[in-house]
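Chemist: My structure is below; once you've seen it, I'll send some questions.
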Amino acid sequence: MLVLVTGGAGFIGSNLVDLLRRSGHSVRVLDNFSTGKREFLARTGDDTGTEVLEGDLLDLSFVERATAGVDSVIHLAANADVRFGWSHPRRDIEQNAVATQNVLEAMRLHSVRRIIFSSTGSVYGQSQTIPTPENAPFPTQTSLYGASKSAAEGLISAYAEAGVISASIFRFVSILGPRYTHGHVIDFVAQLSRDPSKLRVLGDGQQRKSYLHVSDCIAAIALRLNEDPGLEVLNLGTDEYCQVNDSIGWITARLGLSPSISHTGGDRGWVGDNPFIFLDTTKMQSLGWKPAYTIRQAVEETVDWIQENQWILSSANID
């Protein structure tokens, strides 16, 4: 099978590319390298089963050419910068919704039926149902990121309802693990690398979050690749959550540090930050998937990888 992976040079994408190749699939990577790393695709240099195309999903003619001849699409490319969404309000709708529309149109043109889409638990906003199942009612959207992903889901469901595509929509919690480049773990490690004596934490540190190891994430994607569900929505996460303060304790212990910790206050770190994320994954687990990593293991392995790959601290988007 020839699989097109958009965002294939990114954190999740590059890990998925490796898994697909190990499973015997041919892969075409499409990435604009705005956040993706060429280093993550270094092993593909002599791999005739992996093709890398550099280009922008907002260029429909390019997307159409990239989609020609593929058997399925795994659409991971997105702007995932939730925290700074209001600094560039058009970016979410362009990179998450318009780009998805271009992918769908390219698939329609070439009669490519199968798509797997990376959505987010952020589409639930501040859900009143915890843990949150896939059929929970959508409340008011709390971030431009969540709103744009919800819009992309709407486009996908319309194409699926028309019979043009068969889609699996995965709503992720935050993903951790090797090649991680964006989020609280790298932010905290970067802070502590600059000054091991202190750590500044947004909010009160009591925000409750769920995280998932990248290997568990891509295993779920691979499990559904050969299916033809018409349209399915699946949560991905663990059966647990932690406080940000718990994660801080695991990170500092892994680094062997005891910094003074200051909190900016309030029950969230920024506008749109959801203070409690915990998804019900019963549906996905009924299909034969189960996460292998605990949240603590995922955090600790992420810290270890960052420590072994210090170059990421200077290349990642860190406040």
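So you can find residues: chains in the structure tokens are A, B, ... in the order shown, residues in each start at 1, and ligands are numbered from 1 in order.
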Might you pull out every residue within 9 Å of A:Gly265, with only C-alpha atoms counted and same-chain residues fewer than 2 positions away left off, and present them as a list in words?

Modeler: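 Result of the neighbour search: Val201, Leu202, Gly203, Asp204, Gly205, Ser262, His263, Asp267, Arg268 and Gly269 of chain A.
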
Chemist: I want to know what sits within 8 Å of A:Ile251, based on only C-alpha atoms, with residues of the same chain fewer than 6 positions away left out; could you give that as number ranges by chain?

Modeler: A: 185, 189, 299-300, 303

Chemist: Could you find all residues in stretch 77-275 of chain A that DSSP calls strand (DSSP E or B) from the backbone, and write them as an MDAnalysis selection string?

Modeler: chainID A and resid 114:120 132 166:172 174:176 198:201 208:209 211:213 231:236 242:243 260:263

Chemist: Can I get the selection written as an mmCIF file, in the first residue's frame, with N, CA and C atoms?

Modeler:
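Now in part_33.cif:
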```cif
data_model
loop_
_atom_site.group_PDB
_atom_site.id
_atom_site.type_symbol
_atom_site.label_atom_id
_atom_site.label_comp_id
_atom_site.auth_asym_id
_atom_site.auth_seq_id
_atom_site.Cartn_x
_atom_site.Cartn_y
_atom_site.Cartn_z
ATOM 1 N N ARG A 114 -9.634 6.288 1.342
ATOM 2 C CA ARG A 114 -9.347 6.124 2.775
ATOM 3 C C ARG A 114 -8.558 7.291 3.342
ATOM 4 N N ILE A 115 -9.049 7.888 4.441
ATOM 5 C CA ILE A 115 -8.325 8.950 5.146
ATOM 6 C C ILE A 115 -8.397 8.709 6.643
ATOM 7 N N ILE A 116 -7.282 8.933 7.310
ATOM 8 C CA ILE A 116 -7.219 8.975 8.768
ATOM 9 C C ILE A 116 -6.799 10.390 9.143
ATOM 10 N N PHE A 117 -7.535 10.990 10.051
ATOM 11 C CA PHE A 117 -7.335 12.405 10.389
ATOM 12 C C PHE A 117 -7.016 12.571 11.861
ATOM 13 N N SER A 118 -6.004 13.380 12.142
ATOM 14 C CA SER A 118 -5.637 13.672 13.530
ATOM 15 C C SER A 118 -6.386 14.911 14.002
ATOM 16 N N SER A 119 -7.417 14.689 14.794
ATOM 17 C CA SER A 119 -8.137 15.788 15.425
ATOM 18 C C SER A 119 -7.612 15.932 16.852
ATOM 19 N N THR A 120 -8.425 16.395 17.752
ATOM 20 C CA THR A 120 -7.949 16.719 19.099
ATOM 21 C C THR A 120 -9.077 16.668 20.113
ATOM 22 N N THR A 132 -14.668 12.028 28.902
ATOM 23 C CA THR A 132 -15.473 12.516 27.788
ATOM 24 C C THR A 132 -15.544 11.488 26.664
ATOM 25 N N SER A 166 -13.844 7.290 3.082
ATOM 26 C CA SER A 166 -14.068 6.519 4.305
ATOM 27 C C SER A 166 -13.075 7.042 5.329
ATOM 28 N N ALA A 167 -13.564 7.553 6.447
ATOM 29 C CA ALA A 167 -12.714 8.329 7.345
ATOM 30 C C ALA A 167 -12.701 7.796 8.774
ATOM 31 N N SER A 168 -11.504 7.814 9.356
ATOM 32 C CA SER A 168 -11.322 7.628 10.794
ATOM 33 C C SER A 168 -10.809 8.942 11.359
ATOM 34 N N ILE A 169 -11.548 9.515 12.282
ATOM 35 C CA ILE A 169 -11.147 10.752 12.948
ATOM 36 C C ILE A 169 -10.685 10.394 14.350
ATOM 37 N N PHE A 170 -9.411 10.657 14.637
ATOM 38 C CA PHE A 170 -8.860 10.403 15.968
ATOM 39 C C PHE A 170 -8.788 11.706 16.749
ATOM 40 N N ARG A 171 -9.392 11.707 17.922
ATOM 41 C CA ARG A 171 -9.286 12.858 18.823
ATOM 42 C C ARG A 171 -8.254 12.518 19.893
ATOM 43 N N PHE A 172 -7.088 13.167 19.779
ATOM 44 C CA PHE A 172 -5.956 12.868 20.657
ATOM 45 C C PHE A 172 -5.991 13.720 21.914
ATOM 46 N N SER A 174 -2.775 15.170 24.434
ATOM 47 C CA SER A 174 -1.413 15.575 24.068
ATOM 48 C C SER A 174 -0.510 14.352 23.993
ATOM 49 N N ILE A 175 0.367 14.342 22.986
ATOM 50 C CA ILE A 175 1.228 13.195 22.721
ATOM 51 C C ILE A 175 2.643 13.496 23.206
ATOM 52 N N LEU A 176 3.293 12.489 23.779
ATOM 53 C CA LEU A 176 4.660 12.608 24.288
ATOM 54 C C LEU A 176 5.527 11.493 23.704
ATOM 55 N N LYS A 198 15.224 27.403 39.263
ATOM 56 C CA LYS A 198 13.844 27.876 39.356
ATOM 57 C C LYS A 198 13.041 27.449 38.126
ATOM 58 N N LEU A 199 11.720 27.355 38.335
ATOM 59 C CA LEU A 199 10.820 26.965 37.257
ATOM 60 C C LEU A 199 9.538 27.777 37.372
ATOM 61 N N ARG A 200 9.169 28.426 36.283
ATOM 62 C CA ARG A 200 7.936 29.219 36.235
ATOM 63 C C ARG A 200 6.869 28.393 35.537
ATOM 64 N N VAL A 201 5.692 28.294 36.171
ATOM 65 C CA VAL A 201 4.613 27.444 35.675
ATOM 66 C C VAL A 201 3.374 28.294 35.428
ATOM 67 N N ARG A 208 -5.606 19.488 35.309
ATOM 68 C CA ARG A 208 -5.594 18.029 35.160
ATOM 69 C C ARG A 208 -5.562 17.676 33.674
ATOM 70 N N LYS A 209 -4.553 16.920 33.299
ATOM 71 C CA LYS A 209 -4.316 16.619 31.889
ATOM 72 C C LYS A 209 -4.089 15.125 31.691
ATOM 73 N N TYR A 211 -2.145 12.439 28.906
ATOM 74 C CA TYR A 211 -1.114 12.386 27.873
ATOM 75 C C TYR A 211 -1.000 10.959 27.361
ATOM 76 N N LEU A 212 -0.455 10.820 26.151
ATOM 77 C CA LEU A 212 -0.326 9.509 25.524
ATOM 78 C C LEU A 212 1.034 9.404 24.858
ATOM 79 N N HIS A 213 1.676 8.249 24.994
ATOM 80 C CA HIS A 213 2.968 8.029 24.354
ATOM 81 C C HIS A 213 2.780 7.886 22.843
ATOM 82 N N LEU A 231 -17.432 6.280 8.327
ATOM 83 C CA LEU A 231 -17.042 7.401 9.189
ATOM 84 C C LEU A 231 -17.031 6.918 10.624
ATOM 85 N N GLU A 232 -15.898 7.086 11.292
ATOM 86 C CA GLU A 232 -15.802 6.749 12.711
ATOM 87 C C GLU A 232 -15.011 7.829 13.426
ATOM 88 N N VAL A 233 -15.369 8.065 14.676
ATOM 89 C CA VAL A 233 -14.666 9.018 15.530
ATOM 90 C C VAL A 233 -14.177 8.258 16.745
ATOM 91 N N LEU A 234 -12.875 8.359 17.020
ATOM 92 C CA LEU A 234 -12.258 7.565 18.077
ATOM 93 C C LEU A 234 -11.381 8.446 18.963
ATOM 94 N N ASN A 235 -11.634 8.405 20.270
ATOM 95 C CA ASN A 235 -10.761 9.075 21.233
ATOM 96 C C ASN A 235 -9.487 8.271 21.430
ATOM 97 N N LEU A 236 -8.379 8.969 21.647
ATOM 98 C CA LEU A 236 -7.117 8.333 22.001
ATOM 99 C C LEU A 236 -6.563 8.997 23.248
ATOM 100 N N CYS A 242 -3.217 13.342 35.111
ATOM 101 C CA CYS A 242 -2.326 13.827 36.174
ATOM 102 C C CYS A 242 -2.489 15.332 36.290
ATOM 103 N N GLN A 243 -2.032 15.884 37.386
ATOM 104 C CA GLN A 243 -1.930 17.328 37.494
ATOM 105 C C GLN A 243 -0.608 17.785 36.873
ATOM 106 N N SER A 260 13.101 25.899 42.788
ATOM 107 C CA SER A 260 11.962 26.599 43.381
ATOM 108 C C SER A 260 10.926 26.783 42.270
ATOM 109 N N ILE A 261 9.669 26.627 42.617
ATOM 110 C CA ILE A 261 8.616 26.659 41.605
ATOM 111 C C ILE A 261 7.677 27.823 41.882
ATOM 112 N N SER A 262 7.438 28.650 40.866
ATOM 113 C CA SER A 262 6.496 29.751 40.978
ATOM 114 C C SER A 262 5.370 29.542 39.977
ATOM 115 N N HIS A 263 4.151 29.857 40.398
ATOM 116 C CA HIS A 263 2.984 29.723 39.540
ATOM 117 C C HIS A 263 2.444 31.104 39.196
#
```

Chemist: Taking into account only C-alpha atoms, which residue in the set A:Ile130, A:Leu155, A:Ala80, A:Ala160 is nearest to A:Gln101?

Modeler: A:Leu155
